[in-house]
2 protein chains.
Amino acid sequence: MSTCTVTFHPADKKVIVPKGTDILQAAVAAGVYIHSSCGGEGVCGRCKVIVKEGKVISEPSGRLTEQERQKGYVLACRTTVHSDTAVQVPPSSGLTKEQILTEEAKGTRLAGLFSKAEEIEKGEEIEEKAVFSHSPLSTKSFLKLPPPTVEDNISDLERLYREIRRQREMPILQTGLANVKKMGRLCRESNWEVTVTLGKRNGTTEVVLIEPGDTSDRNFGIAIDIGTTTIVAQLIDLDTHEVLGTKATHNRQASYGEDVISRMIFAKKADGLERLHHAVIDTINELISALTTEQGVNLNEITGVTCAGNMTMVHLLLRVDPTPIRREPYVPTANFMPVIRAAEAGIKVNPRGLLATVPGVSGYVGGDITAGVLASGVGQAQQICMLIDMGTNGEIVMGNRDWLVCCSSSAGPAFEGSGVRCGVRAMQGAIQKVEIDPRDYQVSCSTVGKAKPIGICGSGYIDVVAELFKAKIISRSGEIRRDVSTDRIREGSEGLEFVLVWADQNDTGEDIFITQADITNLIRSKGAIYTAAKVLATKMGLEPEDAEKLYIAGGFGNYLNIEKAIWIGLLPDLPRERFEFIGNSSLTGSRLALLSYDAMIEARDIARRMTYIELSTESAFMNEYTGALFLPHTDIARFPTVVEKLALK
Amino acid sequence: MSTCTVTFHPADKKVIVPKGTDILQAAVAAGVYIHSSCGGEGVCGRCKVIVKEGKVISEPSGRLTEQERQKGYVLACRTTVHSDTAVQVPPSSGLTKEQILTEEAKGTRLAGLFSKAEEIEKGEEIEEKAVFSHSPLSTKSFLKLPPPTVEDNISDLERLYREIRRQREMPILQTGLANVKKMGRLCRESNWEVTVTLGKRNGTTEVVLIEPGDTSDRNFGIAIDIGTTTIVAQLIDLDTHEVLGTKATHNRQASYGEDVISRMIFAKKADGLERLHHAVIDTINELISALTTEQGVNLNEITGVTCAGNMTMVHLLLRVDPTPIRREPYVPTANFMPVIRAAEAGIKVNPRGLLATVPGVSGYVGGDITAGVLASGVGQAQQICMLIDMGTNGEIVMGNRDWLVCCSSSAGPAFEGSGVRCGVRAMQGAIQKVEIDPRDYQVSCSTVGKAKPIGICGSGYIDVVAELFKAKIISRSGEIRRDVSTDRIREGSEGLEFVLVWADQNDTGEDIFITQADITNLIRSKGAIYTAAKVLATKMGLEPEDAEKLYIAGGFGNYLNIEKAIWIGLLPDLPRERFEFIGNSSLTGSRLALLSYDAMIEARDIARRMTYIELSTESAFMNEYTGALFLPHTDIARFPTVVEKLALK
C-alpha cells in the first residue's frame with residue numbers, strides 16, 4: 001500500500017496516510033480541525049479547503065460556488081489524495097487553537113472545592129468556604145506497617161487492610177490480583193513502608209496501587225469536560241486540590257459531524273463507533289500529555305480521572321453505542337456508568353488509575369448538566385434557581401434543594417455560529433459585539449482578539465438581531481423592512497440581507513452579512529430556549545420569572561450580552577442582578593467530583609432526583625413555541641423592561 | 001531447535017519436547033505423573049524410570065542400586081533425551097490413575113447444601129436439613145424488562161438494576177464495561193428478555209454476564225479441592241445444587257516436589273513460580289474439560305469456581321509467590337484472596353466467570369482446613385469437637401461454636417507412603433491392611449483393588465506397626481526384637497528389617513519389608529500428630545480426650561483403622577463411636593462455599609475466629625513430643641483400652 005504525506009497549513013502539520021484517503025480523515029489523523037457538520041457526507045459544505053500542491057481526486061459538489069471552485073476550493077471529505085499534498089485550511093473552515101485555549105481557560109472560574117452554594121444563599125457575599133470535604137476519587141496514604149512476627153502473623157494483605165482501617169472506616173475494601181501478586185516482595189523490600197492509593201469505586205474502596213516507600217506527595221488527577229466541540233482538561237494536585245493547569249482543544253470527533261446527532265449517525269457506519277471513540281481518546285491523551293509535560297508530572301502519578309459530558313460524549317468515550325439516544329424514547333445505555341480503569345477506555349495515565357464519569361439524567365440531559373447543577377449549587381439552594389446551558393442543545397434546569405426539573409431544547413446550531421450564512425465559532429476575528437446606530441444605520445463591530453472580522457459568532461448574532469430590532473430594521477416577527485433607507489439592505493439569493501462589514505473592510509474577500517433566513521433561524525433558536533424555560537416553569541406551576549437566580553453556563557454564556565438576549569426574548573425579563581455567568585460549570589463539576597467523594601455522591605443524588613421533561617411529547621410546547629417566534633414575544637407583557645427601553649407598544 | 005518425541009508407557013502418552021529436555025519435565029508436559037520428592041534435584045531418587053528406546057544422557061546417581069542400573073533404570077530428573085525416546089514408568093514411580101479417581105470419588109460423602117452440623121447436635125440421627133441457604137457464588141436470573149417508553153425512560157443499565165432489585169435487595173450492584181458495551185444492542189435484539197448472572201464479590205453483587213433470552217436453566221459451577229498431591233473437581237448444577245460429576249487426578253506440580261516445602265523451594269528458581277502455576281492450572285483445566293465433556297456442559301455455561309487448598313496451593317493457583325510462608329514468621333501474602341475472574345488465573349470457564357477461594361488461617365492452616373471446619377459443622381457445634389486432617393502436614397482443629405484453635409504439625413511424609421523404604425501411595429496394589437499372627441508371625445495383607453502387592457501405603461504402615469507391637473515383635477520404643485524367632489526378621493543395610501511379603505509372592509521382584517528406620521519414622525510422625533492434639537487441648541485447659549466428636553478428614557483418613565491408630569498412640573483413646581470419617585471435607589467445604597454465600601460468609605468467619613498456634617515456638621511441644629515417641633505413649637494411663645487389649649503393663 002503506497003502512502004502520501006499530507007501537509008496542512010497554516011498549522012504546518014504533516015501526516016502520512018494511505019493513498020486514496022480523503023483529506024478530512026487525514027486532517028483528523030493529523031490533529032487538524034476542519035469544520036464538518038454532516039460527518040463527511042458531502043452535504044454540509046463546511047469542510048472547504050484549498051489544495052495548494054499534489055494530485056487529488058475531488059467529487060463535484062453543489063456546495064461550492066463557481067467563484068470558490070476557481071480559487072481552488074474543494075470539500076475535504078469528498079477529495080482523496082493520490083500524491084504528497086499540501087492543503088490550506090481557510091479561517092472559516094478551521095479554528096485558531098491558541099485563542100480557544102485562552103478563552104476556555106477563562107471559563108473555569110470556580111476553583112478547588114468551592115461551589116457557588118455559598119454565594120446563592122448569602123447574596124453577593126462570596127465566602128470561600130469549602131462545601132465538600134477533601135476526599136478525592138483516589139487518595140494516597142503512606143503506611144508504616146508493623147513487620148509480621150510469630151505473635152502478629154496475619155497475612156500481608158490483611159496487615160495492609162488493618163492499617164488502612166486504623167486510619168479510617170472502610171466497610172468494603174477490595175483489591176485486584178495484580179497487587180496481591182507483587183505485594184509480598186514489595187512490602188519486604190521496602191521494609192514494610194508502603195504507599196497505597198485508595199480509590200472510590202461504586203460504594204466500595206479499592207486498593208488501586210501499592211508502591212514502595214512514601215510517594216504520597218505525588219498524587220494527581222485529571223478533570224475533564226468533554227464537549228461536543230471542545231474538550232477541556234485540568235491537571236489537579238489531589239493532595240492540595242490545586243489546579244496546576246488547564247488546557248482545551250477541539251474534540252477531534254468534530255470532523256465526523258458537528259453535533260451529537262451527526263455523531264450518532266456516523267457511529268452507525270462500519271468502524272464509526274471505533275473511530276469516534278479513538279478521536280475523543282486521542283484528544284484527551286493529547287491534553288493530558290501537554291499538561292503533564294508542562295508541569296513535570298509523570299503519567300503514572302495520575303491515579304484518578306473524572307469526565308463530565310453529554311450522554312453521547314460519555315458513551316463514545318467508553319466506546320458504548322450511543323445510537324439508541326437518537327430514537328424515541330431516547331434512552332441511553334447507561335446514565336450511571338460504572339467506575340472503571342481509565343486504561344480500559346484508552347486514557348493514558350497510571351494503568352490502574354480510575355475513571356469516573358459524572359452521571360446524567362437522560363439521553364439529552366447529561367453529566368455536564370448534573371455537573372453544572374453541582375457546581376452552581378442549585379441542588380442545595382433554598383431559593384428557586386434556573387440554570388441554562390446554551391449550545392446546540394439548550395439544557396435548562398429549574399429547582400432548588402427540594403425539587404429539580406430539567407429539559408433539553410434543540411436550539412439548533414445558530415448560537416454556535418453554525419447553520420448561519422457567515423457564522424463562525426467564537427475564535428480570533430469572530431464578531432461578538434455589534435452596535436447599529438438607529439439614525440444612520442452605521443454598524444460598529446468588535447471582534448474576538450480585536451482581529452479583522454472573519455464572520456459572526458453566536459453572541460454576535462444575538463447582538464445583531466437585538467440591534468436590528470432596536471433600530472427597527474426588522475419587525476417584531478423578524479422580517480427585514482425593505483423600506484428602511486440604507487444600502488446595507490440588499491436582495492440576496494435567498495431574500496433580503498443586511499451587510500455588517502463590507503468586503504473591503506475585512507480579509508475574507510467577501511461581505512459579512514446576515515440573511516433573512518439567518519434571522520428566522522435565530523428567532524427559532526431563541527424561541528426554543530425561552531419556550532423550554534417557560535414549559536418547565538409551568539410544569540411546576542411557576543413562571544420563568546419566578547427564578548430568583550439564573551445561572552448561565554457554557555463557553556458561549558460568558559460572552560453573552562444579557563440585556564440584548566432579553567431584548568430578543570431569549571432570556572426571561574428578570575432583574576439583571578439575578579443573572580450570573582458560571583462559565584464552564586461542566587468542568588467545575590467534574591473537578592468537584594474528582595476532589596470530593598461527597599460531591600460525587602451529591603452528583604449522583606442530583607442525577608437521580610432531577611425529573612426529565614421530554615419536550616417533544618409535551619403538547620404545551622408547540623403552543624408556547626409559536627408565541628415565542630416574535631421579538632421579544634407575542635405576549636409583550638412578559639417583557640416589561642424591553643417594552644420600555646425599546647419603546648414598544 | 002530440534003525436538004524429540006517422548007512416549008511414556010504404560011500410559012502410552014506422547015509429548016514433543018526440545019532435545020535435551022529431562023524426562024521429568026517431559027512427563028509433566030505429557031501429563032504423566034512421576035514421583036519426585038525433591039523437585040528434580042536428583043536427591044530423593046524416587047523418579048526412577050526405564051528407558052526402553054532412544055538416545056539419552058543420564059548423570060550417575062548414588063540413588064540407584066547396581067541391580068537397578070543393570071535393569072536400565074535412570075532418574076527421570078537427571079536424564080535428558082537426545083532422540084525420540086520410549087520410557088517405561090514402573091508402578092512404584094507412577095500412579096494408577098483410574099484407581100485414584102474411584103478412591104477420591106468415594107471420599108466426597110457430603111452432598112449438596114448439607115453439612116454435618118445436624119448430625120453433631122442430634123447424634124446419629126442424620127436429618128438432611130439444609131444448613132445453608134441456596135445462594136450460589138453466581139446465580140442466573142431471567143428478567144423480562146419493561147421496554148423503555150417516554151414516560152419510563154431510565155437508561156438500560158438502570159432498568160436492569162431496577163428489575164434485579166425488584167427481586168431481591170442488593171445495596172451495591174456493579175458491572176464491568178464489557179457488559180455496558182454490549183447491553184444496548186443485546187436488550188433490544190432480545191426484545192428486553194435477558195438472563196443476568198449475578199456474582200457475589202467481596203460484599204457487593206456484580207452483574208457478571210448478560211445474555212439474550214432465558215438461559216437461567218444452564219448455570220454450572222466447579223468446586224475444587226487443590227491438594228498438594230491430588231486435585232479433585234466437581235461439576236455442579238448451580239440451579240439444582242446437584243453434583244453432576246467428580247473427577248480427581250494428580251497435581252502435576254508433584255513432579256516439581258512432593259510437599260509444599262519442596263514446591264516453595266522450586267518456586268524460587270527462575271520460572272519456578274510460573275511453571276508451578278501452569279502445572280496446577282493445566283491440571284484443573286484437564287479436570288474441567290473432562291467433566292464438561294462427559295456432562296455435555298459448555299465451558300461458557302460455567303460461571304463460578306471455588307477452590308479450597310492449603311495456602312501454598314492457593315498462592316500457586318493465583319501465581320502469587322508463596323515463599324514467605326517458608327520463613328519465620330511463616331506469613332502468606334493473603335489468607336483472604338480477592339474474588340477474581342477465573343480467567344485471570346488461567347482457568348478455562350466463561351471468561352467473566354468468578355473464582356473464589358476459601359480463606360485460610362495462616363501459612364500452614366489453609367482454606368482446606370477452613371473448608372473442613374465448615375463442612376464438618378465444628379464451627380457451629382455446641383459440644384467440643386476435634387478435626388484432624390492427616391497428610392504430610394497434620395492439621396488439627398479443636399473447638400466449637402464459641403472458640404476454635406488450630407495448629408499444623410509436620411508429620412513428615414510417612415503417612416503418605418513416602419520417605420519409607422517400601423512406601424507407595426494408596427493406589428492399586430498398595431498394602432493397606434495387615435494382620436500378624438502373634439503365634440507364628442505369619443502375615444496376611446490386603447491391598448487396594450485386591451491386586452498383587454507393590455508396596456505399603458500410609459494406612460498399611462499404621463497397621464504394620466500396630467500389629468508388630470501387638471505381636472511383641474517391636475518394643476514400646478519401637479525397636480525390633482532381635483530375639484523373636486522368625487526368618488522375617490533379618491539384618492538389612494540400615495539395621496533390622498521385618499519382611500511382610502517375599503519377592504516370590506509379588507510382581508516387584510523384591511521383598512516388601514519395613515525397616516527399623518521406617519518404624520522410627522512412623523513413630524515420629526504419630527508422635528507429632530498426637531502431641532499437636534495434646535498441646536492444642538492444653539492451651540485451652542483441656543485434654544484431647546475432652547473431644548466429644550473427632551472428625552478424621554483427608555483421603556487417607558478413609559482407610560485408617562481407628563483401633564490400630566489408637567494402639568500406636570496416633571489418635572487419643574476415645575470411645576470409638578466418637579470418631580467419624582468425613583472424607584474429603586476440603587472439597588465439601590469448597591462446594592458449600594460455591595452453592596451458598598451464607599456458607600462462604602461462615603467460612604470467612606471461621607477463618608477469622610480460628611486462633612492459630614505456632615507449634616515450633618511452643619516450648620511445651622518438645623516436652624510432650626518426647627513422651628509421645630513410645631507406643632502408645634510413655635504415659636500409658638492415657639491409653640487405658642490399649643493397656644487392656646494389648647495386655648500392657
# chains A, B, ... in the order shown; residues from 1 in each chain; ligands from 1
$ interface_residues --of "chain A" --to "chain B" --cutoff "7 Å" --atoms "only C-alpha atoms" --output "list in words"
Pro148, Thr149, Val150, Asn153, Ile154, Ser155, Asp156, Leu157, Glu158, Ile172, Gln174, Thr175, Gly176, Val180, Lys181, Gly184, Gly203, Arg319, Val320, Asp321, Pro329, Val331, Pro332, Thr333, Ala334, Asn335, Pro338 and Ser362 of chain A
$ residues_around --residues "Ile16 in chain B" --least-positions-apart "6" --cutoff "9 Å" --atoms "only C-alpha atoms" --output "PyMOL selection string"
chain B and resi 3-7+26+29-30+84
$ closest_residue --among "B:Lys526, B:His277, B:Arg63, B:Lys450" --to "Ala76 in chain B" --atoms "only C-alpha atoms"
B:Arg63
$ atom_distance --atom1 "CA of Glu68 in chain B" --atom2 "CA of Ile50 in chain B"
9.3 Å
$ atom_distance --atom1 "CA of Thr293 in chain A" --atom2 "CA of Ser190 in chain A"
29.0 Å
$ select_by_dssp --residues "range 331-387 of chain A" --states "alpha helix (DSSP H)" --output "list in words"
Ala342, Ala343, Glu344, Ala345, Gly367, Asp368, Ile369, Thr370, Ala371, Gly372, Val373, Leu374, Ala375 and Ser376 of chain A
$ write_last_selection --atoms "C-alpha atoms" --output "PDB file, in the first residue's frame"
ATOM      1  CA  ALA A 342      -9.004   4.802  32.776  1.00  0.00           C
ATOM      2  CA  ALA A 343      -6.824   2.452  30.734  1.00  0.00           C
ATOM      3  CA  GLU A 344      -9.901   0.396  29.834  1.00  0.00           C
ATOM      4  CA  ALA A 345     -11.128   3.400  27.885  1.00  0.00           C
ATOM      5  CA  GLY A 367     -23.424  14.587  33.145  1.00  0.00           C
ATOM      6  CA  ASP A 368     -22.352  18.037  32.014  1.00  0.00           C
ATOM      7  CA  ILE A 369     -25.668  19.392  33.307  1.00  0.00           C
ATOM      8  CA  THR A 370     -25.507  17.354  36.527  1.00  0.00           C
ATOM      9  CA  ALA A 371     -22.026  18.825  36.961  1.00  0.00           C
ATOM     10  CA  GLY A 372     -23.436  22.289  36.327  1.00  0.00           C
ATOM     11  CA  VAL A 373     -26.125  21.841  38.969  1.00  0.00           C
ATOM     12  CA  LEU A 374     -23.471  20.577  41.351  1.00  0.00           C
ATOM     13  CA  ALA A 375     -21.064  23.435  40.642  1.00  0.00           C
ATOM     14  CA  SER A 376     -23.693  26.174  40.745  1.00  0.00           C
TER      15      SER A 376
END
$ atom_distance --atom1 "CA of Ser475 in chain A" --atom2 "CA of Gly492 in chain A"
18.8 Å
$ residues_around --residues "Gly42 in chain B" --least-positions-apart "5" --cutoff "10 Å" --atoms "only C-alpha atoms" --output "list in words"
Ser36, Ser37, Cys47, Glu59, Pro60, Ser61, Gly62, Arg63, Leu75, Ala76, Cys77, Arg78 and Thr79 of chain B
$ write_last_selection --atoms "N, CA and C atoms" --output "mmCIF file, in the first residue's frame"
data_model
loop_
_atom_site.group_PDB
_atom_site.id
_atom_site.type_symbol
_atom_site.label_atom_id
_atom_site.label_comp_id
_atom_site.auth_asym_id
_atom_site.auth_seq_id
_atom_site.Cartn_x
_atom_site.Cartn_y
_atom_site.Cartn_z
ATOM 1 N N SER B 36 8.379 -37.511 42.630
ATOM 2 C CA SER B 36 9.610 -36.736 42.810
ATOM 3 C C SER B 36 9.445 -35.930 44.075
ATOM 4 N N SER B 37 10.166 -36.294 45.089
ATOM 5 C CA SER B 37 10.009 -35.585 46.361
ATOM 6 C C SER B 37 10.840 -34.320 46.399
ATOM 7 N N CYS B 47 12.222 -40.848 41.240
ATOM 8 C CA CYS B 47 11.690 -40.734 39.880
ATOM 9 C C CYS B 47 12.344 -41.749 38.941
ATOM 10 N N GLU B 59 22.956 -38.615 34.113
ATOM 11 C CA GLU B 59 24.016 -38.391 35.113
ATOM 12 C C GLU B 59 24.082 -39.586 36.057
ATOM 13 N N PRO B 60 25.280 -39.919 36.528
ATOM 14 C CA PRO B 60 25.362 -41.006 37.505
ATOM 15 C C PRO B 60 24.664 -40.598 38.800
ATOM 16 N N SER B 61 24.062 -41.553 39.493
ATOM 17 C CA SER B 61 23.373 -41.228 40.747
ATOM 18 C C SER B 61 23.550 -42.333 41.769
ATOM 19 N N GLY B 62 23.874 -41.949 42.980
ATOM 20 C CA GLY B 62 24.015 -42.906 44.074
ATOM 21 C C GLY B 62 22.664 -43.439 44.534
ATOM 22 N N ARG B 63 21.602 -42.873 43.988
ATOM 23 C CA ARG B 63 20.248 -43.277 44.385
ATOM 24 C C ARG B 63 19.797 -44.557 43.681
ATOM 25 N N LEU B 75 17.310 -41.990 36.663
ATOM 26 C CA LEU B 75 16.466 -40.997 37.346
ATOM 27 C C LEU B 75 15.926 -40.041 36.277
ATOM 28 N N ALA B 76 14.616 -39.891 36.217
ATOM 29 C CA ALA B 76 13.984 -39.061 35.173
ATOM 30 C C ALA B 76 14.496 -37.624 35.212
ATOM 31 N N CYS B 77 14.785 -37.131 36.420
ATOM 32 C CA CYS B 77 15.175 -35.723 36.548
ATOM 33 C C CYS B 77 16.619 -35.482 36.124
ATOM 34 N N ARG B 78 17.398 -36.552 36.048
ATOM 35 C CA ARG B 78 18.818 -36.412 35.729
ATOM 36 C C ARG B 78 19.131 -36.957 34.344
ATOM 37 N N THR B 79 18.092 -37.236 33.560
ATOM 38 C CA THR B 79 18.289 -37.866 32.261
ATOM 39 C C THR B 79 17.653 -37.005 31.175
#
$ residues_around --residues "Ile164 in chain A" --least-positions-apart "3" --cutoff "12 Å" --atoms "only C-alpha atoms" --output "MDAnalysis selection string"
chainID A and resid 139:145 157:161 167:174 194:198 205:207
$ decode --residues "range 380-475 of chain A" --atoms "C-alpha atoms" --output "CSV table (one decimal), in the first residue's frame"
chain,number,residue,atom,x,y,z
A,380,GLN,CA,-28.5,22.8,47.5
A,381,ALA,CA,-30.2,26.2,47.1
A,382,GLN,CA,-33.1,27.4,49.2
A,383,GLN,CA,-34.5,29.8,46.6
A,384,ILE,CA,-35.7,28.8,43.2
A,385,CYS,CA,-32.9,28.8,40.6
A,386,MET,CA,-32.6,28.2,36.9
A,387,LEU,CA,-29.6,27.0,35.0
A,388,ILE,CA,-29.3,27.5,31.3
A,389,ASP,CA,-26.5,25.8,29.4
A,390,MET,CA,-26.7,27.2,25.9
A,391,GLY,CA,-25.2,25.4,23.0
A,392,THR,CA,-26.5,23.4,20.1
A,393,ASN,CA,-28.9,21.9,22.6
A,394,GLY,CA,-30.0,24.3,25.3
A,395,GLU,CA,-30.4,22.4,28.5
A,396,ILE,CA,-32.4,24.0,31.2
A,397,VAL,CA,-32.7,23.1,34.9
A,398,MET,CA,-35.1,24.6,37.4
A,399,GLY,CA,-35.4,23.9,41.1
A,400,ASN,CA,-33.7,24.0,44.4
A,401,ARG,CA,-32.8,21.7,47.3
A,402,ASP,CA,-36.3,20.2,47.3
A,403,TRP,CA,-37.0,19.6,43.7
A,404,LEU,CA,-35.3,19.7,40.3
A,405,VAL,CA,-36.7,19.5,36.8
A,406,CYS,CA,-34.9,19.7,33.5
A,407,CYS,CA,-35.3,19.6,29.8
A,408,SER,CA,-33.4,19.8,26.6
A,409,SER,CA,-34.4,22.0,23.8
A,410,SER,CA,-33.0,21.6,20.4
A,411,ALA,CA,-31.9,25.2,19.7
A,412,GLY,CA,-30.1,24.3,16.5
A,413,PRO,CA,-26.5,25.3,15.9
A,414,ALA,CA,-27.1,29.0,15.2
A,415,PHE,CA,-25.8,30.1,18.7
A,416,GLU,CA,-22.6,28.2,17.9
A,417,GLY,CA,-22.2,30.2,14.7
A,418,SER,CA,-23.2,27.2,12.6
A,419,GLY,CA,-26.0,26.8,10.1
A,420,VAL,CA,-26.0,30.6,9.5
A,421,ARG,CA,-24.5,32.2,6.4
A,422,CYS,CA,-21.5,34.0,7.8
A,423,GLY,CA,-21.3,32.1,11.1
A,424,VAL,CA,-18.1,31.2,12.8
A,425,ARG,CA,-17.1,29.9,16.2
A,426,ALA,CA,-16.0,32.3,18.9
A,427,MET,CA,-12.5,32.4,17.6
A,428,GLN,CA,-10.0,35.1,16.6
A,429,GLY,CA,-11.8,37.6,14.3
A,430,ALA,CA,-15.3,36.5,15.2
A,431,ILE,CA,-17.7,39.4,15.6
A,432,GLN,CA,-19.0,39.1,19.1
A,433,LYS,CA,-20.4,42.6,19.8
A,434,VAL,CA,-22.4,44.8,17.4
A,435,GLU,CA,-24.0,48.2,17.6
A,436,ILE,CA,-26.2,49.8,15.0
A,437,ASP,CA,-26.9,53.5,15.0
A,438,PRO,CA,-30.7,53.8,14.7
A,439,ARG,CA,-30.2,57.1,12.9
A,440,ASP,CA,-27.8,56.3,10.0
A,441,TYR,CA,-27.7,52.5,10.4
A,442,GLN,CA,-23.9,52.6,10.8
A,443,VAL,CA,-22.5,49.4,12.3
A,444,SER,CA,-19.7,49.1,14.8
A,445,CYS,CA,-18.4,45.7,15.5
A,446,SER,CA,-15.9,44.3,18.0
A,447,THR,CA,-14.2,41.0,17.4
A,448,VAL,CA,-12.5,38.3,19.4
A,449,GLY,CA,-8.9,39.3,19.8
A,450,LYS,CA,-9.6,42.6,18.1
A,451,ALA,CA,-8.6,40.9,14.9
A,452,LYS,CA,-10.1,41.8,11.4
A,453,PRO,CA,-13.6,40.3,11.2
A,454,ILE,CA,-13.9,36.9,9.6
A,455,GLY,CA,-17.5,36.1,10.5
A,456,ILE,CA,-20.1,36.3,13.2
A,457,CYS,CA,-20.2,34.1,16.3
A,458,GLY,CA,-23.2,33.2,18.4
A,459,SER,CA,-23.1,36.1,20.8
A,460,GLY,CA,-22.5,38.4,17.9
A,461,TYR,CA,-25.7,37.1,16.2
A,462,ILE,CA,-27.7,37.9,19.3
A,463,ASP,CA,-26.3,41.4,19.3
A,464,VAL,CA,-27.1,41.8,15.6
A,465,VAL,CA,-30.7,40.7,15.9
A,466,ALA,CA,-31.2,42.8,19.0
A,467,GLU,CA,-29.7,45.9,17.4
A,468,LEU,CA,-31.6,45.3,14.1
A,469,PHE,CA,-34.8,45.1,16.3
A,470,LYS,CA,-33.9,48.2,18.3
A,471,ALA,CA,-33.1,50.2,15.1
A,472,LYS,CA,-36.4,48.9,13.7
A,473,ILE,CA,-34.7,47.5,10.7
A,474,ILE,CA,-36.5,44.3,11.4
A,475,SER,CA,-40.1,43.9,12.6
